[in-house]
file work26.txt (compact mmCIF, C-alpha atoms)
# COMPACT_ATOMS: atom_id res chain seq x y z
CA MET A 28 151.73 91.69 45.48
CA HIS A 29 154.95 92.30 43.56
CA SER A 30 155.52 95.42 41.50
CA THR A 31 154.81 93.50 38.28
CA GLY A 32 151.43 92.49 39.69
CA SER A 33 150.64 96.07 40.63
CA LEU A 34 151.56 97.16 37.12
CA ARG A 35 149.27 94.48 35.67
CA LEU A 36 146.38 95.82 37.76
CA TRP A 37 146.56 99.22 36.09
CA GLN A 38 146.76 97.58 32.67
CA VAL A 39 143.37 95.88 33.12
CA PRO A 40 141.01 97.53 30.59
CA GLY A 41 138.80 100.11 32.24
CA PHE A 42 140.28 99.78 35.73
CA ALA A 43 142.18 103.07 35.75
CA VAL A 44 139.06 104.89 34.53
CA THR A 45 136.93 103.26 37.23
CA ALA A 46 139.51 104.13 39.89
CA GLY A 47 139.42 107.75 38.75
CA ALA A 48 135.63 107.78 38.75
CA MET A 49 135.63 106.29 42.26
CA LEU A 50 138.05 108.97 43.43
CA PHE A 51 135.81 111.80 42.16
CA ALA A 52 132.49 110.20 43.16
CA ILE A 53 133.55 109.65 46.77
CA LEU A 54 135.35 113.00 46.81
CA ALA A 55 131.95 114.59 46.11
CA HIS A 56 130.45 112.71 49.04
CA ALA A 57 133.41 113.52 51.29
CA ILE A 58 133.24 117.24 50.55
CA THR A 59 129.51 117.46 51.23
CA GLY A 60 129.24 114.79 53.92
CA SER A 61 131.79 116.47 56.18
CA TYR A 62 129.44 119.40 56.75
CA MET A 63 126.00 117.91 56.01
CA ALA A 64 124.93 117.53 59.66
CA LEU A 65 126.39 120.91 60.62
CA PHE A 66 124.63 122.56 57.65
CA ALA A 67 121.30 121.03 58.66
CA VAL A 68 121.65 122.21 62.26
CA GLU A 69 123.13 125.66 61.75
CA ARG A 70 121.58 126.85 58.46
CA ALA A 71 118.39 124.83 58.03
CA HIS A 72 117.79 125.06 61.81
CA MET A 73 116.80 121.42 62.09
CA ARG A 74 116.09 120.07 65.55
CA PRO A 75 117.68 116.71 66.47
CA LEU A 76 114.69 114.63 65.36
CA GLU A 77 114.44 116.57 62.09
CA LEU A 78 118.15 116.01 61.56
CA GLY A 79 117.54 112.31 62.04
CA ALA A 80 114.79 112.33 59.42
CA PHE A 81 116.94 114.27 56.97
CA LEU A 82 119.83 111.81 57.32
CA THR A 83 117.46 108.84 57.08
CA LEU A 84 115.52 109.69 53.94
CA SER A 85 118.42 109.33 51.53
CA ALA A 86 119.24 105.93 53.03
CA VAL A 87 115.67 104.66 52.62
CA SER A 88 115.58 105.37 48.89
CA GLY A 89 119.24 104.44 48.47
CA ILE A 90 118.79 100.91 49.80
CA PHE A 91 115.95 100.13 47.40
CA LEU A 92 117.52 101.74 44.32
CA THR A 93 120.98 100.24 44.88
CA ALA A 94 119.57 96.72 45.20
CA LEU A 95 117.38 97.20 42.13
CA LEU A 96 120.16 98.60 39.95
CA GLY A 97 122.72 96.06 41.20
CA ARG A 98 120.51 93.13 40.20
CA ARG A 99 119.79 94.84 36.88
CA PHE A 100 123.55 95.15 36.29
CA ASP A 101 124.07 91.40 36.82
CA ARG A 102 121.33 90.53 34.33
CA ARG A 103 122.56 92.92 31.64
CA PRO A 104 125.81 94.72 32.47
CA ALA A 105 125.84 98.33 31.23
CA ARG A 106 127.12 101.72 32.30
CA TRP A 107 123.77 103.58 32.39
CA PRO A 108 122.86 102.63 36.00
CA THR A 109 126.15 104.13 37.17
CA LEU A 110 125.56 107.27 35.10
CA LEU A 111 122.04 107.57 36.51
CA CYS A 112 123.31 107.42 40.10
CA LEU A 113 126.05 109.96 39.45
CA SER A 114 123.52 112.29 37.81
CA GLY A 115 121.30 112.06 40.90
CA ALA A 116 124.21 113.04 43.14
CA ILE A 117 125.15 116.00 40.93
CA ALA A 118 121.58 117.31 40.88
CA GLY A 119 121.14 116.76 44.61
CA TYR A 120 124.28 118.61 45.63
CA GLY A 121 123.51 121.43 43.21
CA LEU A 122 120.05 121.94 44.68
CA CYS A 123 121.39 121.81 48.25
CA SER A 124 123.55 124.82 47.38
CA LEU A 125 120.41 126.79 46.47
CA THR A 126 118.13 126.25 49.47
CA GLU A 127 118.16 126.14 53.26
CA ASN A 128 114.49 125.15 53.57
CA ARG A 129 114.32 122.02 55.72
CA TRP A 130 111.42 120.45 53.81
CA ALA A 131 113.00 121.06 50.42
CA LEU A 132 116.22 119.51 51.72
CA MET A 133 114.36 116.41 52.89
CA ALA A 134 112.79 116.01 49.43
CA ILE A 135 116.20 116.38 47.79
CA ALA A 136 117.65 113.76 50.14
CA PHE A 137 114.92 111.25 49.33
CA LEU A 138 114.69 111.78 45.57
CA LEU A 139 118.27 112.53 44.54
CA LEU A 140 120.87 111.93 47.25
CA GLY A 141 119.52 108.41 47.81
CA LEU A 142 119.94 107.66 44.11
CA GLY A 143 123.47 109.04 44.28
CA GLN A 144 124.41 106.51 46.94
CA GLY A 145 124.23 103.72 44.38
CA SER A 146 127.29 104.97 42.48
CA PHE A 147 129.65 103.44 45.09
CA ALA A 148 128.33 99.90 44.59
CA LEU A 149 127.97 100.16 40.83
CA LEU A 150 131.51 101.41 40.30
CA PHE A 151 132.72 98.39 42.26
CA ALA A 152 130.54 96.15 40.09
CA LEU A 153 131.98 97.66 36.89
CA ALA A 154 135.53 97.02 38.10
CA LYS A 155 134.76 93.52 39.40
CA ARG A 156 133.28 92.54 36.03
CA ARG A 157 136.65 93.24 34.43
CA LEU A 158 138.86 91.98 37.25
CA ASP A 159 137.13 88.59 37.42
CA ARG A 160 138.89 87.79 34.13
CA GLU A 161 142.27 88.22 35.83
CA GLU A 162 144.23 86.21 38.39
CA PRO A 163 142.70 86.12 41.91
CA ALA A 164 145.57 88.18 43.34
CA VAL A 165 145.03 90.92 40.74
CA CYS A 166 141.29 90.94 41.45
CA ALA A 167 141.81 91.18 45.23
CA SER A 168 144.39 93.92 44.77
CA GLY A 169 141.99 95.82 42.51
CA MET A 170 139.17 95.73 45.04
CA ALA A 171 141.54 96.98 47.74
CA ALA A 172 142.78 99.71 45.38
CA LEU A 173 139.22 100.97 44.86
CA ARG A 174 138.70 101.08 48.62
CA LEU A 175 141.97 102.98 48.84
CA MET A 176 140.65 105.49 46.31
CA ALA A 177 137.56 105.98 48.44
CA SER A 178 139.71 106.60 51.51
CA LEU A 179 141.99 108.93 49.54
CA SER A 180 138.88 110.91 48.64
CA TRP A 181 138.03 111.23 52.32
CA ALA A 182 141.61 112.30 53.01
CA ILE A 183 141.32 115.10 50.45
CA GLY A 184 137.63 115.95 50.62
CA PRO A 185 137.20 117.41 54.12
CA ALA A 186 140.30 119.57 53.68
CA VAL A 187 138.93 120.84 50.36
CA ALA A 188 135.57 121.41 52.07
CA ALA A 189 137.27 123.43 54.81
CA VAL A 190 138.73 125.73 52.14
CA LEU A 191 135.41 125.98 50.28
CA ILE A 192 133.38 126.79 53.38
CA ARG A 193 135.86 129.45 54.40
CA ALA A 194 135.72 131.09 50.96
CA TRP A 195 132.11 130.57 49.84
CA GLY A 196 130.22 129.11 52.79
CA PHE A 197 128.04 126.02 52.68
CA ALA A 198 126.92 126.79 49.11
CA GLY A 199 130.52 126.46 47.97
CA VAL A 200 130.79 123.06 49.66
CA PHE A 201 127.79 121.68 47.78
CA ARG A 202 128.84 123.19 44.46
CA GLY A 203 132.28 121.64 44.88
CA GLY A 204 130.61 118.27 45.46
CA ALA A 205 128.53 118.68 42.31
CA LEU A 206 131.62 119.47 40.24
CA CYS A 207 133.40 116.35 41.52
CA GLY A 208 130.33 114.26 40.70
CA GLY A 209 130.44 115.69 37.19
CA ALA A 210 134.09 114.66 36.83
CA ALA A 211 133.18 111.09 37.86
CA LEU A 212 130.33 111.00 35.34
CA LEU A 213 132.59 112.23 32.52
CA SER A 214 135.18 109.57 33.45
CA VAL A 215 132.64 106.78 33.03
CA LEU A 216 131.30 108.29 29.79
CA ALA A 217 134.78 108.55 28.32
CA GLY A 218 136.22 105.25 29.48
CA TRP A 219 133.47 102.63 29.33
CA PRO A 220 131.41 101.24 26.43
CA ARG A 221 127.62 101.41 26.62
CA THR A 222 127.41 97.68 27.34
CA ILE A 223 129.85 95.43 29.17
CA PRO A 224 130.50 91.87 27.93
CA ASP A 225 129.36 89.11 30.26
CA LEU A 226 131.83 86.70 31.82
CA ASP A 227 132.74 83.57 29.91
CA ALA A 228 131.80 81.40 32.87
CA GLU A 229 128.21 80.39 33.39
CA HIS A 230 126.31 82.39 35.98
CA GLU A 231 124.36 80.76 38.73
CA HIS A 232 122.45 83.67 40.21
CA VAL A 233 121.45 82.76 43.71
CA SER A 234 118.89 84.75 45.65
CA ILE A 235 120.13 86.30 48.86
CA ARG A 236 117.33 84.40 50.61
CA GLU A 237 119.07 81.16 49.53
CA LEU A 238 122.33 82.13 51.27
CA PRO A 239 121.84 81.19 54.95
CA ASN A 240 125.28 82.49 55.93
CA ILE A 241 124.78 85.96 54.49
CA TRP A 242 122.64 87.59 57.18
CA MET A 243 125.25 87.66 59.95
CA PRO A 244 127.97 89.44 57.95
CA ALA A 245 125.30 91.72 56.44
CA VAL A 246 124.02 92.70 59.89
CA ALA A 247 127.59 93.05 61.21
CA LEU A 248 128.55 95.38 58.35
CA THR A 249 125.35 97.38 58.82
CA LEU A 250 126.15 97.86 62.52
CA PHE A 251 129.71 98.81 61.63
CA HIS A 252 128.55 101.46 59.17
CA ALA A 253 125.90 102.72 61.60
CA ALA A 254 128.61 103.24 64.21
CA MET A 255 130.87 104.88 61.63
CA PHE A 256 128.24 107.40 60.52
CA MET A 257 126.80 108.10 63.97
CA GLY A 258 130.28 108.62 65.32
CA ALA A 259 131.09 110.99 62.46
CA ASN A 260 127.92 113.03 63.06
CA ALA A 261 128.59 113.21 66.79
CA GLN A 262 132.26 114.02 66.26
CA SER A 263 131.40 117.01 64.05
CA VAL A 264 129.03 118.53 66.60
CA VAL A 265 131.01 117.64 69.74
CA ALA A 266 134.29 118.95 68.34
CA VAL A 267 132.76 122.39 67.72
CA ASP A 268 130.03 122.79 70.34
CA VAL A 269 131.50 120.89 73.30
CA LEU A 270 135.29 120.70 73.00
CA GLY A 271 135.84 124.23 71.74
CA GLY A 272 137.12 123.32 68.28
CA SER A 273 136.31 125.11 65.02
CA GLU A 274 134.78 124.15 61.69
CA ARG A 275 138.37 123.79 60.47
CA ASP A 276 138.99 121.08 63.10
CA VAL A 277 136.01 119.10 61.72
CA GLY A 278 137.63 118.93 58.29
CA LEU A 279 141.07 118.16 59.67
CA LEU A 280 139.80 115.27 61.79
CA PHE A 281 138.13 113.60 58.81
CA SER A 282 141.17 114.15 56.59
CA LEU A 283 143.61 112.79 59.17
CA CYS A 284 141.58 109.61 59.57
CA ALA A 285 141.24 109.11 55.83
CA ALA A 286 144.96 109.69 55.24
CA LEU A 287 145.72 106.94 57.75
CA GLU A 288 143.13 104.70 56.06
CA VAL A 289 145.02 105.09 52.79
CA MET A 290 148.12 103.69 54.48
CA VAL A 291 146.16 100.74 55.91
CA MET A 292 144.51 99.92 52.59
CA GLY A 293 147.77 100.36 50.71
CA VAL A 294 149.01 97.26 52.50
CA PHE A 295 146.13 95.26 50.97
CA VAL A 296 146.97 96.58 47.50
CA LEU A 297 150.59 95.48 47.79
CA ARG A 298 149.79 92.25 49.63
CA PRO A 299 146.22 91.35 48.64
CA ALA A 300 144.16 89.15 50.94
CA LYS A 301 142.71 86.36 48.80
CA ARG A 302 140.32 85.20 51.53
CA ALA A 303 138.71 86.86 54.53
CA SER A 304 140.74 86.52 57.75
CA ARG A 305 138.98 86.14 61.12
CA MET A 306 141.97 87.55 62.97
CA LEU A 307 142.08 90.67 60.81
CA LEU A 308 138.35 91.16 61.24
CA ALA A 309 138.69 90.85 65.02
CA ALA A 310 141.55 93.36 65.07
CA GLY A 311 139.52 95.79 62.98
CA PHE A 312 136.48 95.69 65.25
CA VAL A 313 138.59 95.98 68.41
CA ALA A 314 140.35 99.05 67.03
CA PHE A 315 137.03 100.59 65.99
CA ALA A 316 135.49 100.09 69.43
CA GLY A 317 138.63 101.57 70.96
CA PHE A 318 138.20 104.74 68.93
CA PHE A 319 134.72 105.37 70.37
CA LEU A 320 135.74 104.62 73.94
CA SER A 321 138.77 106.95 73.85
CA PRO A 322 136.92 110.32 73.91
CA VAL A 323 134.47 108.97 76.48
CA LEU A 324 137.33 108.13 78.84
CA TRP A 325 139.48 111.18 77.99
CA PRO A 326 137.16 113.91 76.64
CA SER A 327 139.33 116.43 74.81
CA LEU A 328 139.98 117.65 71.29
CA SER A 329 143.49 116.17 71.35
CA THR A 330 141.99 112.75 72.15
CA LEU A 331 139.83 112.95 69.02
CA TYR A 332 142.95 113.67 66.98
CA TRP A 333 145.16 110.80 68.18
CA ALA A 334 142.25 108.32 68.25
CA GLN A 335 141.84 108.75 64.48
CA SER A 336 144.53 106.09 64.10
CA LEU A 337 142.22 103.53 65.73
CA ARG A 338 139.33 104.67 63.54
CA ALA A 339 141.49 104.32 60.43
CA ILE A 340 142.54 100.77 61.30
CA GLY A 341 138.93 99.76 61.89
CA ILE A 342 137.58 101.29 58.67
CA GLY A 343 140.51 100.10 56.55
CA VAL A 344 140.51 96.50 57.71
CA ILE A 345 136.75 95.96 57.93
CA GLY A 346 136.11 97.78 54.66
CA VAL A 347 138.47 95.55 52.65
CA ILE A 348 138.00 92.21 54.42
CA GLY A 349 134.24 92.72 54.89
CA MET A 350 133.66 93.27 51.18
CA LEU A 351 135.90 90.32 50.35
CA PHE A 352 133.80 88.09 52.62
CA VAL A 353 130.56 89.14 50.91
CA GLN A 354 132.08 88.54 47.46
CA GLN A 355 133.15 85.05 48.55
CA LEU A 356 129.56 84.27 49.45
CA MET A 357 128.25 85.56 46.10
CA PRO A 358 130.72 84.56 43.35
CA ASN A 359 129.93 85.66 39.76
CA GLN A 360 127.40 88.19 41.05
CA ALA A 361 129.41 91.41 41.06
CA GLY A 362 126.36 93.67 40.98
CA ALA A 363 124.41 91.89 43.70
CA ALA A 364 127.44 91.51 46.00
CA SER A 365 128.47 95.14 45.56
CA ALA A 366 124.86 96.25 46.05
CA LEU A 367 124.58 94.18 49.23
CA PHE A 368 127.75 95.72 50.63
CA GLY A 369 126.61 99.15 49.49
CA ASN A 370 123.26 98.64 51.19
CA THR A 371 124.98 97.85 54.47
CA VAL A 372 126.45 101.35 54.07
CA SER A 373 122.99 102.79 53.38
CA GLY A 374 121.47 100.71 56.17
CA GLY A 375 124.10 102.04 58.53
CA TRP A 376 123.31 105.58 57.35
CA LEU A 377 119.62 104.89 57.98
CA LEU A 378 120.25 103.68 61.53
CA SER A 379 122.66 106.52 62.13
CA GLY A 380 119.99 109.06 61.25
CA ILE A 381 117.57 107.55 63.73
CA GLY A 382 120.24 107.03 66.38
CA THR A 383 121.84 110.45 66.02
CA GLY A 384 118.57 112.32 66.35
CA GLY A 385 117.02 110.16 69.07
CA LEU A 386 120.06 109.87 71.32
CA ALA A 387 121.07 113.50 70.94
CA GLN A 388 117.55 114.57 71.82
CA ALA A 389 117.36 112.35 74.91
CA PHE A 390 120.92 112.14 76.26
CA GLY A 391 123.10 114.56 74.27
CA TYR A 392 125.69 113.91 71.58
CA TRP A 393 128.23 112.32 73.97
CA SER A 394 125.97 109.29 74.46
CA ILE A 395 126.41 108.40 70.80
CA PHE A 396 130.05 107.39 71.32
CA SER A 397 129.15 104.74 73.92
CA LEU A 398 126.44 103.27 71.67
CA CYS A 399 128.88 103.14 68.74
CA ALA A 400 131.37 101.20 70.85
CA ALA A 401 128.64 98.68 71.74
CA LEU A 402 127.59 98.33 68.07
CA SER A 403 131.21 97.67 67.12
CA VAL A 404 131.52 94.87 69.66
CA ILE A 405 128.23 93.25 68.55
CA GLY A 406 129.17 93.54 64.88
CA GLY A 407 132.56 91.98 65.52
CA LEU A 408 131.02 89.01 67.33
CA LEU A 409 128.52 88.41 64.51
CA PHE A 410 131.25 88.54 61.89
CA LEU A 411 133.46 86.14 63.82
CA ILE A 412 130.61 83.66 64.15
CA ALA A 413 129.93 83.86 60.42
CA ALA A 414 133.63 83.57 59.57
CA ARG A 415 133.97 80.25 61.43
CA ALA A 416 132.42 78.53 58.42
CA PRO A 417 133.60 80.45 55.35
CA PRO A 418 132.15 79.44 52.01
CA ALA A 419 134.04 76.93 49.93
call {"tool": "encode", "arguments": {"input": "work26.txt", "output": "C-alpha cells"}}
result
Amino acid sequence: MHSTGSLRLWQVPGFAVTAGAMLFAILAHAITGSYMALFAVERAHMRPLELGAFLTLSAVSGIFLTALLGRRFDRRPARWPTLLCLSGAIAGYGLCSLTENRWALMAIAFLLLGLGQGSFALLFALAKRRLDREEPAVCASGMAALRLMASLSWAIGPAVAAVLIRAWGFAGVFRGGALCGGAALLSVLAGWPRTIPDLDAEHEHVSIRELPNIWMPAVALTLFHAAMFMGANAQSVVAVDVLGGSERDVGLLFSLCAALEVMVMGVFVLRPAKRASRMLLAAGFVAFAGFFLSPVLWPSLSTLYWAQSLRAIGIGVIGVIGMLFVQQLMPNQAGAASALFGNTVSGGWLLSGIGTGGLAQAFGYWSIFSLCAALSVIGGLLFLIAARAPPA
C-alpha cells in the first residue's frame, strides 16, 4: 500500500471515527481484562471452578447477542446496536468496581459484560459498510488498520492498568475501563449518523448453514482464541504465583506482546493482503504453538518475556488473515461476517473459562500451556484444510 493509498484510507467517511472508537473500546477491555482473572481469585476469592464459571458466563450471552445484533445490522444498518453494546460494557465495568461478591460478579458478567463483547464485531461492521465502497486494497488495509488499533489498545492498556492498580487498586482498573468505554461511545455518537445507507449492490444474504466451507475456519478460529485466552489467564497466575514475578510483570508482558502485534499488523496496513494466504496462516499457527511450548521447555520469567514475539506473530497474522478468510466466504454481509468472527472470540473465551478452571483444578496452571499448544496445532490443520479450496 503506497502512502497515497494510506492517506485515502483515512479520508473514507467515518473510518477515522471508527478507528478511534475501536481504540477506546478495546482499551477498556485491555485495561480490565489484564487483571480480571487475578481480581476474581485474589479479591472475590473464587476457586478454580468458580473462576471458570465467571469467565464463561459473559461468553455465553455474548455469542447469542453478537449474532443477533450482527444479523440485525445487515438487515437495517444503524449505530444503535454498537451504542447498546458499548453501554453494556460501561455499566459492567462500573459495577465491577463497586463489588467483590462472587455471585454479583457472575450476574454482571452474564448480563452486561457479554453484551459489551459485541462492540468489537459491530465496529468492524460499521467500518466495512463504508470501506466496501472503496477499492479492494483500501478495504483490506482498513480492516488491518482496525486490527492494529485493537492491538495498540492491548499495548497501552495493561501498562495503564498497572499504573491504575498501583494507585487505586482493582477499583481503579475497572473505573478506567468504564471511562474508555465512554470515550468510544461518544466517538460513535459524534461521528456516525443514526442510520447507515445500504450498499448500492444487491445483497444476497446467505445463511451460515448454507456455507459448507465455513465450519472449519470457524472452529479453527475458536480454538485459536481459546488458546489465546487460556494462555493469557495461565500466564497471569503463573508469572506471579509460580515464577516469582509481580503484578507489574503481568501488565508488562501483555503490553510487550501487543506492541509487537502492532508492528506485525502494520505490515498488513502498508501492504494489504487481498486474499487469505495458506502459508501465512501456517506460519501464524506455528509461531503461536511455539509460544506455548517455550515456557514448558524452559520455565522462567525471562522465557515468558522473549516468547512474546512468537505470541505476537501468531495473533497478528491469524487475526488479520483469519478475518479476511471469513469475509471472503460471506461477501456483502459485513454484520454477519464480523459477528461470526467475533463469536469465535466469544467461543474461545467460553472454552477458556471451562478449560482454565478444570485444568487448573486437576493438574495446575502449567498444564494449560501444553493444551494451548495442542489447540494451536489442531486449529492450524483445520484452517489449512479449509484454505485449500478458497471461495471464488
call {"tool": "closest_residue", "arguments": {"input": "work26.txt", "among": "A:Ala198, A:Leu279, A:Val347, A:Leu54", "to": "Ala177 (chain A)", "atoms": "all atoms listed in the file"}}
result
A:Leu54
call {"tool": "residues_near_point", "arguments": {"input": "work26.txt", "point": "(135.7, 126.8, 51.2)", "cutoff": "12 Å", "atoms": "all atoms listed in the file", "output": "PyMOL selection string"}}
result
chain A and resi 58-59+62+184-204+274-275+278
call {"tool": "write_last_selection", "arguments": {"input": "work26.txt", "atoms": "C-alpha atoms", "output": "short mmCIF file (atom, residue, chain, number, x, y, z; two decimals), in the frame of the given file"}}
result
data_model
loop_
_atom_site.label_atom_id
_atom_site.label_comp_id
_atom_site.auth_asym_id
_atom_site.auth_seq_id
_atom_site.Cartn_x
_atom_site.Cartn_y
_atom_site.Cartn_z
CA ILE A 58 133.24 117.24 50.55
CA THR A 59 129.51 117.46 51.23
CA TYR A 62 129.44 119.40 56.75
CA GLY A 184 137.63 115.95 50.62
CA PRO A 185 137.20 117.41 54.12
CA ALA A 186 140.30 119.57 53.68
CA VAL A 187 138.93 120.84 50.36
CA ALA A 188 135.57 121.41 52.07
CA ALA A 189 137.27 123.43 54.81
CA VAL A 190 138.73 125.73 52.14
CA LEU A 191 135.41 125.98 50.28
CA ILE A 192 133.38 126.79 53.38
CA ARG A 193 135.86 129.45 54.40
CA ALA A 194 135.72 131.09 50.96
CA TRP A 195 132.11 130.57 49.84
CA GLY A 196 130.22 129.11 52.79
CA PHE A 197 128.04 126.02 52.68
CA ALA A 198 126.92 126.79 49.11
CA GLY A 199 130.52 126.46 47.97
CA VAL A 200 130.79 123.06 49.66
CA PHE A 201 127.79 121.68 47.78
CA ARG A 202 128.84 123.19 44.46
CA GLY A 203 132.28 121.64 44.88
CA GLY A 204 130.61 118.27 45.46
CA GLU A 274 134.78 124.15 61.69
CA ARG A 275 138.37 123.79 60.47
CA GLY A 278 137.63 118.93 58.29
#
call {"tool": "residues_around", "arguments": {"input": "work26.txt", "residues": "Glu161 (chain A)", "least_positions_apart": "5", "cutoff": "12 Å", "atoms": "all atoms listed in the file", "output": "MDAnalysis selection string"}}
result
chainID A and resid 32 35:40 42 154:156 166:169 226
call {"tool": "closest_residue", "arguments": {"input": "work26.txt", "among": "A:Tyr120, A:Ile412, A:Leu150, A:Cys284", "to": "Ser214 (chain A)", "atoms": "all atoms listed in the file"}}
result
A:Leu150
call {"tool": "closest_residue", "arguments": {"input": "work26.txt", "among": "A:Ile53, A:Trp181, A:Gly384, A:Leu398", "to": "Met73 (chain A)", "atoms": "all atoms listed in the file"}}
result
A:Gly384
call {"tool": "atom_distance", "arguments": {"input": "work26.txt", "atom1": "CA of Gly271 (chain A)", "atom2": "CA of Leu65 (chain A)"}}
result
15.0 Å
call {"tool": "closest_residue", "arguments": {"input": "work26.txt", "among": "A:Trp219, A:Phe352, A:Phe137, A:Phe315", "to": "Ser85 (chain A)", "atoms": "all atoms listed in the file"}}
result
A:Phe137
call {"tool": "atom_distance", "arguments": {"input": "work26.txt", "atom1": "CA of Ala52 (chain A)", "atom2": "CA of Gly293 (chain A)"}}
result
19.7 Å
call {"tool": "atom_distance", "arguments": {"input": "work26.txt", "atom1": "CA of Pro326 (chain A)", "atom2": "CA of Leu378 (chain A)"}}
result
24.9 Å
call {"tool": "closest_residue", "arguments": {"input": "work26.txt", "among": "A:Leu367, A:Ala43, A:Val269, A:Leu113", "to": "Ser146 (chain A)", "atoms": "all atoms listed in the file"}}
result
A:Leu113
call {"tool": "closest_residue", "arguments": {"input": "work26.txt", "among": "A:Ala171, A:Ile90, A:Leu408, A:Ala389", "to": "Ala46 (chain A)", "atoms": "all atoms listed in the file"}}
result
A:Ala171
call {"tool": "residues_near_point", "arguments": {"input": "work26.txt", "point": "(126.4, 85.4, 60.8)", "cutoff": "6 Å", "atoms": "only C-alpha atoms", "output": "PyMOL selection string"}}
result
chain A and resi 240+242-244+409-410+412-413
call {"tool": "residues_around", "arguments": {"input": "work26.txt", "residues": "Leu132 (chain A)", "least_positions_apart": "5", "cutoff": "8 Å", "atoms": "all atoms listed in the file", "output": "NGL selection string"}}
result
:A and (81 or 123 or 126-127)
call {"tool": "write_last_selection", "arguments": {"input": "work26.txt", "atoms": "C-alpha atoms", "output": "PDB file, in the frame of the given file"}}
result
ATOM      1  CA  PHE A  81     116.940 114.270  56.970  1.00  0.00           C
ATOM      2  CA  CYS A 123     121.390 121.810  48.250  1.00  0.00           C
ATOM      3  CA  THR A 126     118.130 126.250  49.470  1.00  0.00           C
ATOM      4  CA  GLU A 127     118.160 126.140  53.260  1.00  0.00           C
TER       5      GLU A 127
END
